[in-house]
Amino acid sequence: MRVAFVGKGGSGKTTLSSLFARYATRRGPVVAIDADINQHLGLALGLAVDPAGDRAGDAAEQPPPLGGMLTEIKDYLRGDNPRIRDAASMVKTTPPGRGSRLVRLDDPFFPSCSVEGVSLMVTGPFEEDDLGVACYHSKLGAVELYLNHLVDGPGEYVVVDMTAGADSFASGLFTRFDLTFLVAEPTRQGVSVYRQYRDHAAGFDVEIAVVGNKVHAPEDVDFLREHVGDDLLTWFGHSPAIRGMEQGRPFTLDDLEPAGHLALAAMLDRLDAQPKDWPKFGRQAAEFHIRNARAWADRATGEDLSAQIDPGFVYGPAVAAS
């Protein structure tokens, strides 16, 4: 299953996605992808930093960023697909077809590092050369291509820490998941991001479950229930263990309070209960590729990119096995 963590900036989505990724390793292999411009998921998972808090220590341990190898990723994934002329004509929404290279969770081409039993991939931060000339979505294209060509099997998990707010709607990436956890604080700002995300996702059959965070009293739960209704799945209250983790103290899931374990179990059970819908995945991949082709990609590449869609291609494990 593939799950995205979204929410208002500062809501705690990176912290909760790191906890969930650790917890999910109890049921199967996990790939966690840092797709947030702030690139803090490795830090939350426990990559080392020096005593001064400088990020040089953990940056040295993080894998090479996917955002810096976009051309190589395109060449690798297009394989022998005759519908894709070259890497330059392959865009972030280009779907797989017959001849494309499909990947599994443990594909060695995609650089990762192991931390807390989780395989961590990173899109990479903004570089100095990006400032003023590029947007972060160019790096997120590597994640979208990876998910488009990934065939994840039973008991395998992909956990993606997304950009804050509704920024993920700038591409079709928001449809590449089986479930989206929206982390919401019990505030007007927190639930307004939920409403914005829900409204943008309406009509695309996107499954959303709300996870409350920074809940301090029963009134906070009542507030969330009033504003998000049945979408509220579970919540996290004040946790000295999580605060210590965020401050850089040694942490394992055994340090987490029982309430935190119950919340993580509810989240994993909800994800495992979500049906895997490969046909919908394929339909939406084609839909957003056509949208991007008409909006900008045809003009940028000088060709009709709708021809890259292979009507005879079938998504799912069966085609990967063949």
# chains A, B, ... in the order shown; residues from 1 in each chain; ligands from 1
call {"tool": "residues_around", "arguments": {"residues": "Val228 of chain A", "least_positions_apart": "3", "cutoff": "8 Å", "atoms": "only C-alpha atoms", "output": "ChimeraX atom specification"}}
result
/A:191,194-195,210,224-225,231-232
call {"tool": "residues_around", "arguments": {"residues": "Val221 of chain A", "least_positions_apart": "3", "cutoff": "8 Å", "atoms": "only C-alpha atoms", "output": "list in words"}}
result
Pro186, Gly212, Val215, Ala217, Pro218, Leu224, Arg225 and Trp235 of chain A
call {"tool": "select_by_dssp", "arguments": {"residues": "segment 20-120 of chain A", "states": "strand (DSSP E or B)", "output": "NGL selection string"}}
result
:A and (30-34 or 103 or 113-115 or 118-120)
call {"tool": "closest_residue", "arguments": {"among": "A:Ala184, A:Met121, A:Ala201, A:Ala293", "to": "Asp161 of chain A", "atoms": "only C-alpha atoms"}}
result
A:Met121
call {"tool": "atom_distance", "arguments": {"atom1": "atom CA of Val151 of chain A", "atom2": "atom CA of Ala32 of chain A"}}
result
15.5 Å
call {"tool": "residues_around", "arguments": {"residues": "Gly7 of chain A", "least_positions_apart": "6", "cutoff": "12 Å", "atoms": "only C-alpha atoms", "output": "PyMOL selection string"}}
result
chain A and resi 13-17+36+161-168+180-185+189-198+208-213
call {"tool": "write_last_selection", "arguments": {"atoms": "C-alpha atoms", "output": "compact mmCIF listing (two decimals), in the first residue's frame"}}
result
# COMPACT_ATOMS: atom_id res chain seq x y z
CA LYS A 13 3.12 15.43 9.42
CA THR A 14 6.85 14.70 9.14
CA THR A 15 7.02 13.48 12.73
CA LEU A 16 3.93 11.28 12.31
CA SER A 17 5.07 9.91 8.95
CA ASP A 36 8.81 17.86 1.37
CA ASP A 161 6.01 12.87 3.46
CA MET A 162 4.47 15.41 1.09
CA THR A 163 4.78 19.16 0.73
CA ALA A 164 2.67 21.25 3.09
CA GLY A 165 -0.87 22.41 2.48
CA ALA A 166 -2.50 21.88 -0.90
CA ASP A 167 0.76 22.19 -2.84
CA SER A 168 0.65 18.53 -3.90
CA THR A 180 -3.89 9.92 2.32
CA PHE A 181 -3.43 10.77 5.99
CA LEU A 182 -4.16 14.43 6.59
CA VAL A 183 -2.58 15.61 9.83
CA ALA A 184 -4.71 18.32 11.43
CA GLU A 185 -4.23 20.34 14.57
CA GLN A 189 -6.16 26.86 10.42
CA GLY A 190 -5.70 23.10 10.75
CA VAL A 191 -9.21 22.19 9.68
CA SER A 192 -9.22 24.78 6.90
CA VAL A 193 -6.37 22.87 5.23
CA TYR A 194 -8.46 19.71 5.59
CA ARG A 195 -11.43 21.37 3.88
CA GLN A 196 -9.21 22.73 1.12
CA TYR A 197 -7.64 19.32 0.51
CA ARG A 198 -11.02 17.56 0.62
CA ILE A 208 -8.62 10.69 3.04
CA ALA A 209 -8.36 9.92 6.74
CA VAL A 210 -7.71 12.68 9.27
CA VAL A 211 -5.18 12.17 12.05
CA GLY A 212 -5.42 14.76 14.80
CA ASN A 213 -2.21 16.01 16.34
call {"tool": "select_by_dssp", "arguments": {"residues": "segment 151-318 of chain A", "states": "alpha helix (DSSP H)", "output": "PyMOL selection string"}}
result
chain A and resi 188-201+218-228+240-246+258-273+278-292+298-301+317-318
call {"tool": "closest_atom_pairs", "arguments": {"of": "segment 85-190 of chain A", "to": "segment 65-79 of chain A", "cutoff": "12 Å", "atoms": "only C-alpha atoms", "output": "JSON lines"}}
result
{"residue": "A:Arg85", "atom": "CA", "partner": "A:Arg78", "partner_atom": "CA", "distance": 9.0}
{"residue": "A:Asp86", "atom": "CA", "partner": "A:Asp75", "partner_atom": "CA", "distance": 7.3}
{"residue": "A:Ala87", "atom": "CA", "partner": "A:Lys74", "partner_atom": "CA", "distance": 5.4}
{"residue": "A:Ala88", "atom": "CA", "partner": "A:Thr71", "partner_atom": "CA", "distance": 7.8}
{"residue": "A:Ser89", "atom": "CA", "partner": "A:Lys74", "partner_atom": "CA", "distance": 9.4}
{"residue": "A:Met90", "atom": "CA", "partner": "A:Lys74", "partner_atom": "CA", "distance": 6.6}
{"residue": "A:Val91", "atom": "CA", "partner": "A:Lys74", "partner_atom": "CA", "distance": 8.2}
{"residue": "A:Lys92", "atom": "CA", "partner": "A:Lys74", "partner_atom": "CA", "distance": 8.8}
{"residue": "A:Thr93", "atom": "CA", "partner": "A:Lys74", "partner_atom": "CA", "distance": 11.0}
{"residue": "A:Thr94", "atom": "CA", "partner": "A:Arg78", "partner_atom": "CA", "distance": 9.1}
{"residue": "A:Pro95", "atom": "CA", "partner": "A:Arg78", "partner_atom": "CA", "distance": 9.3}
{"residue": "A:Pro96", "atom": "CA", "partner": "A:Arg78", "partner_atom": "CA", "distance": 7.3}
{"residue": "A:Gly97", "atom": "CA", "partner": "A:Arg78", "partner_atom": "CA", "distance": 8.5}
{"residue": "A:Arg98", "atom": "CA", "partner": "A:Gly79", "partner_atom": "CA", "distance": 9.3}
{"residue": "A:Gly99", "atom": "CA", "partner": "A:Gly79", "partner_atom": "CA", "distance": 6.0}
{"residue": "A:Ser100", "atom": "CA", "partner": "A:Arg78", "partner_atom": "CA", "distance": 4.7}
{"residue": "A:Arg101", "atom": "CA", "partner": "A:Leu77", "partner_atom": "CA", "distance": 4.8}
{"residue": "A:Leu102", "atom": "CA", "partner": "A:Leu77", "partner_atom": "CA", "distance": 6.9}
{"residue": "A:Val103", "atom": "CA", "partner": "A:Leu77", "partner_atom": "CA", "distance": 8.2}
{"residue": "A:Arg104", "atom": "CA", "partner": "A:Leu77", "partner_atom": "CA", "distance": 11.9}
{"residue": "A:Asp107", "atom": "CA", "partner": "A:Tyr76", "partner_atom": "CA", "distance": 11.4}
{"residue": "A:Pro108", "atom": "CA", "partner": "A:Tyr76", "partner_atom": "CA", "distance": 11.7}
{"residue": "A:Phe109", "atom": "CA", "partner": "A:Tyr76", "partner_atom": "CA", "distance": 8.4}
{"residue": "A:Phe110", "atom": "CA", "partner": "A:Leu66", "partner_atom": "CA", "distance": 7.6}
{"residue": "A:Pro111", "atom": "CA", "partner": "A:Leu66", "partner_atom": "CA", "distance": 7.6}
{"residue": "A:Ser112", "atom": "CA", "partner": "A:Pro65", "partner_atom": "CA", "distance": 8.9}
{"residue": "A:Cys113", "atom": "CA", "partner": "A:Pro65", "partner_atom": "CA", "distance": 11.1}
{"residue": "A:Leu120", "atom": "CA", "partner": "A:Pro65", "partner_atom": "CA", "distance": 10.5}
{"residue": "A:Met121", "atom": "CA", "partner": "A:Pro65", "partner_atom": "CA", "distance": 7.3}
{"residue": "A:Val122", "atom": "CA", "partner": "A:Pro65", "partner_atom": "CA", "distance": 5.2}
{"residue": "A:Thr123", "atom": "CA", "partner": "A:Leu66", "partner_atom": "CA", "distance": 4.7}
{"residue": "A:Gly124", "atom": "CA", "partner": "A:Pro65", "partner_atom": "CA", "distance": 4.6}
{"residue": "A:Pro125", "atom": "CA", "partner": "A:Pro65", "partner_atom": "CA", "distance": 8.2}
{"residue": "A:Phe126", "atom": "CA", "partner": "A:Gly67", "partner_atom": "CA", "distance": 9.5}
{"residue": "A:Glu127", "atom": "CA", "partner": "A:Gly68", "partner_atom": "CA", "distance": 9.8}
{"residue": "A:Asp129", "atom": "CA", "partner": "A:Gly68", "partner_atom": "CA", "distance": 11.9}
{"residue": "A:Asp130", "atom": "CA", "partner": "A:Gly68", "partner_atom": "CA", "distance": 11.3}
{"residue": "A:Cys135", "atom": "CA", "partner": "A:Gly67", "partner_atom": "CA", "distance": 11.6}
{"residue": "A:Tyr136", "atom": "CA", "partner": "A:Gly67", "partner_atom": "CA", "distance": 9.1}
{"residue": "A:His137", "atom": "CA", "partner": "A:Gly67", "partner_atom": "CA", "distance": 9.4}
{"residue": "A:Ser138", "atom": "CA", "partner": "A:Gly67", "partner_atom": "CA", "distance": 7.3}
{"residue": "A:Lys139", "atom": "CA", "partner": "A:Gly67", "partner_atom": "CA", "distance": 4.2}
{"residue": "A:Leu140", "atom": "CA", "partner": "A:Gly67", "partner_atom": "CA", "distance": 6.9}
{"residue": "A:Gly141", "atom": "CA", "partner": "A:Gly67", "partner_atom": "CA", "distance": 7.7}
{"residue": "A:Ala142", "atom": "CA", "partner": "A:Leu70", "partner_atom": "CA", "distance": 5.9}
{"residue": "A:Val143", "atom": "CA", "partner": "A:Leu66", "partner_atom": "CA", "distance": 7.6}
{"residue": "A:Glu144", "atom": "CA", "partner": "A:Leu66", "partner_atom": "CA", "distance": 10.9}
{"residue": "A:Leu145", "atom": "CA", "partner": "A:Lys74", "partner_atom": "CA", "distance": 7.8}
{"residue": "A:Tyr146", "atom": "CA", "partner": "A:Ile73", "partner_atom": "CA", "distance": 8.2}
{"residue": "A:Leu147", "atom": "CA", "partner": "A:Leu77", "partner_atom": "CA", "distance": 11.0}
{"residue": "A:Asn148", "atom": "CA", "partner": "A:Leu77", "partner_atom": "CA", "distance": 9.7}
{"residue": "A:His149", "atom": "CA", "partner": "A:Leu77", "partner_atom": "CA", "distance": 7.2}
{"residue": "A:Leu150", "atom": "CA", "partner": "A:Leu77", "partner_atom": "CA", "distance": 9.9}
call {"tool": "residues_around", "arguments": {"residues": "Met267 of chain A", "least_positions_apart": "2", "cutoff": "10 Å", "atoms": "only C-alpha atoms", "output": "PyMOL selection string"}}
result
chain A and resi 20+23-24+181+209-211+233-235+261-265+269-273
call {"tool": "write_last_selection", "arguments": {"atoms": "N, CA and C atoms", "output": "mmCIF file, in the first residue's frame"}}
result
data_model
loop_
_atom_site.group_PDB
_atom_site.id
_atom_site.type_symbol
_atom_site.label_atom_id
_atom_site.label_comp_id
_atom_site.auth_asym_id
_atom_site.auth_seq_id
_atom_site.Cartn_x
_atom_site.Cartn_y
_atom_site.Cartn_z
ATOM 1 N N PHE A 20 5.002 6.430 11.757
ATOM 2 C CA PHE A 20 4.219 5.421 11.048
ATOM 3 C C PHE A 20 5.119 4.509 10.224
ATOM 4 N N TYR A 23 6.623 2.041 12.476
ATOM 5 C CA TYR A 23 5.629 1.095 12.966
ATOM 6 C C TYR A 23 5.251 0.082 11.890
ATOM 7 N N ALA A 24 5.146 0.529 10.635
ATOM 8 C CA ALA A 24 4.729 -0.360 9.550
ATOM 9 C C ALA A 24 5.754 -1.449 9.269
ATOM 10 N N PHE A 181 -3.233 10.328 4.613
ATOM 11 C CA PHE A 181 -3.434 10.766 5.994
ATOM 12 C C PHE A 181 -3.229 12.275 6.047
ATOM 13 N N ALA A 209 -8.091 10.146 5.324
ATOM 14 C CA ALA A 209 -8.364 9.918 6.743
ATOM 15 C C ALA A 209 -7.624 10.985 7.533
ATOM 16 N N VAL A 210 -8.311 11.600 8.487
ATOM 17 C CA VAL A 210 -7.713 12.678 9.272
ATOM 18 C C VAL A 210 -7.098 12.102 10.549
ATOM 19 N N VAL A 211 -5.872 12.533 10.818
ATOM 20 C CA VAL A 211 -5.183 12.169 12.052
ATOM 21 C C VAL A 211 -4.956 13.455 12.833
ATOM 22 N N LEU A 233 -9.913 9.733 12.076
ATOM 23 C CA LEU A 233 -9.585 8.334 12.351
ATOM 24 C C LEU A 233 -9.047 8.154 13.760
ATOM 25 N N THR A 234 -8.077 8.961 14.128
ATOM 26 C CA THR A 234 -7.433 8.838 15.435
ATOM 27 C C THR A 234 -6.697 10.139 15.713
ATOM 28 N N TRP A 235 -5.999 10.193 16.843
ATOM 29 C CA TRP A 235 -5.293 11.431 17.195
ATOM 30 C C TRP A 235 -4.148 11.135 18.155
ATOM 31 N N HIS A 261 0.855 4.134 20.507
ATOM 32 C CA HIS A 261 0.825 2.832 19.844
ATOM 33 C C HIS A 261 -0.578 2.515 19.337
ATOM 34 N N LEU A 262 -1.587 2.862 20.104
ATOM 35 C CA LEU A 262 -2.963 2.610 19.669
ATOM 36 C C LEU A 262 -3.303 3.437 18.430
ATOM 37 N N ALA A 263 -2.832 4.675 18.403
ATOM 38 C CA ALA A 263 -3.097 5.525 17.245
ATOM 39 C C ALA A 263 -2.404 4.979 16.003
ATOM 40 N N LEU A 264 -1.151 4.560 16.135
ATOM 41 C CA LEU A 264 -0.422 4.005 14.994
ATOM 42 C C LEU A 264 -1.066 2.707 14.511
ATOM 43 N N ALA A 265 -1.534 1.881 15.444
ATOM 44 C CA ALA A 265 -2.207 0.638 15.057
ATOM 45 C C ALA A 265 -3.484 0.925 14.286
ATOM 46 N N ASP A 269 -4.049 -0.355 10.492
ATOM 47 C CA ASP A 269 -5.222 -1.186 10.199
ATOM 48 C C ASP A 269 -6.086 -0.543 9.115
ATOM 49 N N ARG A 270 -6.235 0.775 9.197
ATOM 50 C CA ARG A 270 -7.040 1.480 8.177
ATOM 51 C C ARG A 270 -6.384 1.364 6.809
ATOM 52 N N LEU A 271 -5.077 1.475 6.755
ATOM 53 C CA LEU A 271 -4.378 1.368 5.477
ATOM 54 C C LEU A 271 -4.490 -0.048 4.922
ATOM 55 N N ASP A 272 -4.293 -1.044 5.768
ATOM 56 C CA ASP A 272 -4.371 -2.427 5.303
ATOM 57 C C ASP A 272 -5.778 -2.805 4.838
ATOM 58 N N ALA A 273 -6.788 -2.129 5.372
ATOM 59 C CA ALA A 273 -8.171 -2.422 4.985
ATOM 60 C C ALA A 273 -8.556 -1.768 3.658
#
call {"tool": "closest_residue", "arguments": {"among": "A:Arg249, A:Arg176, A:Arg188, A:Lys214", "to": "Ser11 of chain A", "atoms": "only C-alpha atoms"}}
result
A:Lys214
call {"tool": "residues_around", "arguments": {"residues": "Tyr157 of chain A", "least_positions_apart": "2", "cutoff": "12 Å", "atoms": "only C-alpha atoms", "output": "number ranges by chain"}}
result
A: 1-4, 20-33, 104-106, 118-119, 147, 150-155, 159-160, 177-179, 268, 271-272
call {"tool": "write_last_selection", "arguments": {"atoms": "N, CA and C atoms", "output": "CSV table (one decimal), in the first residue's frame"}}
result
chain,number,residue,atom,x,y,z
A,1,MET,N,0.8,-1.2,0.0
A,1,MET,CA,0.0,0.0,0.0
A,1,MET,C,0.9,1.2,0.0
A,2,ARG,N,0.3,2.3,-0.6
A,2,ARG,CA,1.0,3.6,-0.7
A,2,ARG,C,0.2,4.6,0.1
A,3,VAL,N,0.9,5.4,1.0
A,3,VAL,CA,0.2,6.3,1.8
A,3,VAL,C,1.0,7.6,1.8
A,4,ALA,N,0.2,8.7,1.7
A,4,ALA,CA,0.8,10.1,1.8
A,4,ALA,C,0.4,10.7,3.1
A,20,PHE,N,5.0,6.4,11.8
A,20,PHE,CA,4.2,5.4,11.0
A,20,PHE,C,5.1,4.5,10.2
A,21,ALA,N,6.1,5.1,9.6
A,21,ALA,CA,7.0,4.3,8.8
A,21,ALA,C,7.7,3.2,9.7
A,22,ARG,N,8.2,3.6,10.8
A,22,ARG,CA,8.8,2.7,11.8
A,22,ARG,C,7.8,1.6,12.2
A,23,TYR,N,6.6,2.0,12.5
A,23,TYR,CA,5.6,1.1,13.0
A,23,TYR,C,5.3,0.1,11.9
A,24,ALA,N,5.1,0.5,10.6
A,24,ALA,CA,4.7,-0.4,9.6
A,24,ALA,C,5.8,-1.4,9.3
A,25,THR,N,7.0,-1.2,9.7
A,25,THR,CA,8.0,-2.3,9.5
A,25,THR,C,7.7,-3.6,10.2
A,26,ARG,N,6.8,-3.5,11.2
A,26,ARG,CA,6.4,-4.7,12.0
A,26,ARG,C,5.6,-5.6,11.1
A,27,ARG,N,5.0,-5.1,10.0
A,27,ARG,CA,4.2,-5.9,9.1
A,27,ARG,C,4.8,-6.2,7.8
A,28,GLY,N,5.8,-5.4,7.4
A,28,GLY,CA,6.4,-5.6,6.1
A,28,GLY,C,7.4,-4.6,5.7
A,29,PRO,N,8.1,-4.8,4.6
A,29,PRO,CA,9.1,-3.8,4.2
A,29,PRO,C,8.5,-2.4,3.9
A,30,VAL,N,9.3,-1.4,4.2
A,30,VAL,CA,8.8,0.0,4.1
A,30,VAL,C,9.8,0.8,3.3
A,31,VAL,N,9.4,1.6,2.3
A,31,VAL,CA,10.1,2.6,1.7
A,31,VAL,C,9.5,3.9,2.1
A,32,ALA,N,10.3,4.8,2.7
A,32,ALA,CA,9.8,6.2,3.1
A,32,ALA,C,10.5,7.2,2.2
A,33,ILE,N,9.7,8.1,1.6
A,33,ILE,CA,10.2,9.1,0.7
A,33,ILE,C,10.0,10.5,1.2
A,104,ARG,N,10.2,-2.8,-8.3
A,104,ARG,CA,9.8,-3.3,-7.0
A,104,ARG,C,10.4,-2.4,-5.9
A,105,LEU,N,9.9,-2.7,-4.7
A,105,LEU,CA,10.3,-1.8,-3.6
A,105,LEU,C,11.8,-1.9,-3.4
A,106,ASP,N,12.5,-3.0,-3.7
A,106,ASP,CA,13.9,-3.1,-3.4
A,106,ASP,C,14.7,-2.9,-4.7
A,118,VAL,N,13.8,1.2,8.0
A,118,VAL,CA,13.1,1.8,6.9
A,118,VAL,C,14.1,2.1,5.8
A,119,SER,N,13.7,1.9,4.5
A,119,SER,CA,14.5,2.3,3.4
A,119,SER,C,14.1,3.8,3.0
A,147,LEU,N,6.5,6.2,-8.6
A,147,LEU,CA,5.2,5.6,-8.2
A,147,LEU,C,4.4,5.1,-9.4
A,150,LEU,N,6.0,1.7,-10.2
A,150,LEU,CA,6.2,0.8,-9.0
A,150,LEU,C,5.0,-0.2,-9.0
A,151,VAL,N,5.4,-1.5,-8.8
A,151,VAL,CA,4.4,-2.5,-8.5
A,151,VAL,C,4.7,-3.0,-7.1
A,152,ASP,N,3.9,-2.5,-6.2
A,152,ASP,CA,4.1,-2.9,-4.8
A,152,ASP,C,3.2,-4.1,-4.5
A,153,GLY,N,3.7,-5.0,-3.8
A,153,GLY,CA,3.0,-6.2,-3.5
A,153,GLY,C,2.4,-6.3,-2.1
A,154,PRO,N,1.7,-7.4,-1.8
A,154,PRO,CA,1.0,-7.5,-0.5
A,154,PRO,C,2.0,-7.4,0.6
A,155,GLY,N,1.7,-6.6,1.7
A,155,GLY,CA,2.5,-6.5,2.8
A,155,GLY,C,3.7,-5.6,2.6
A,159,VAL,N,5.7,5.1,2.2
A,159,VAL,CA,5.2,6.2,3.0
A,159,VAL,C,5.8,7.5,2.5
A,160,VAL,N,5.0,8.4,2.1
A,160,VAL,CA,5.6,9.7,1.5
A,160,VAL,C,5.2,10.9,2.3
A,177,PHE,N,-1.7,7.4,-4.5
A,177,PHE,CA,-1.7,6.7,-3.2
A,177,PHE,C,-3.0,6.0,-3.0
A,178,ASP,N,-2.9,4.9,-2.2
A,178,ASP,CA,-4.1,4.2,-1.8
A,178,ASP,C,-4.9,4.9,-0.7
A,179,LEU,N,-4.1,5.7,0.1
A,179,LEU,CA,-4.8,6.4,1.2
A,179,LEU,C,-3.9,7.6,1.5
A,268,LEU,N,-2.5,1.9,10.7
A,268,LEU,CA,-2.0,0.8,9.9
A,268,LEU,C,-3.1,-0.1,9.5
A,271,LEU,N,-5.1,1.5,6.8
A,271,LEU,CA,-4.4,1.4,5.5
A,271,LEU,C,-4.5,0.0,4.9
A,272,ASP,N,-4.3,-1.0,5.8
A,272,ASP,CA,-4.4,-2.4,5.3
A,272,ASP,C,-5.8,-2.8,4.8
call {"tool": "closest_residue", "arguments": {"among": "A:Ala307, A:Phe5, A:Ala300, A:Phe313", "to": "Ala35 of chain A", "atoms": "only C-alpha atoms"}}
result
A:Phe5
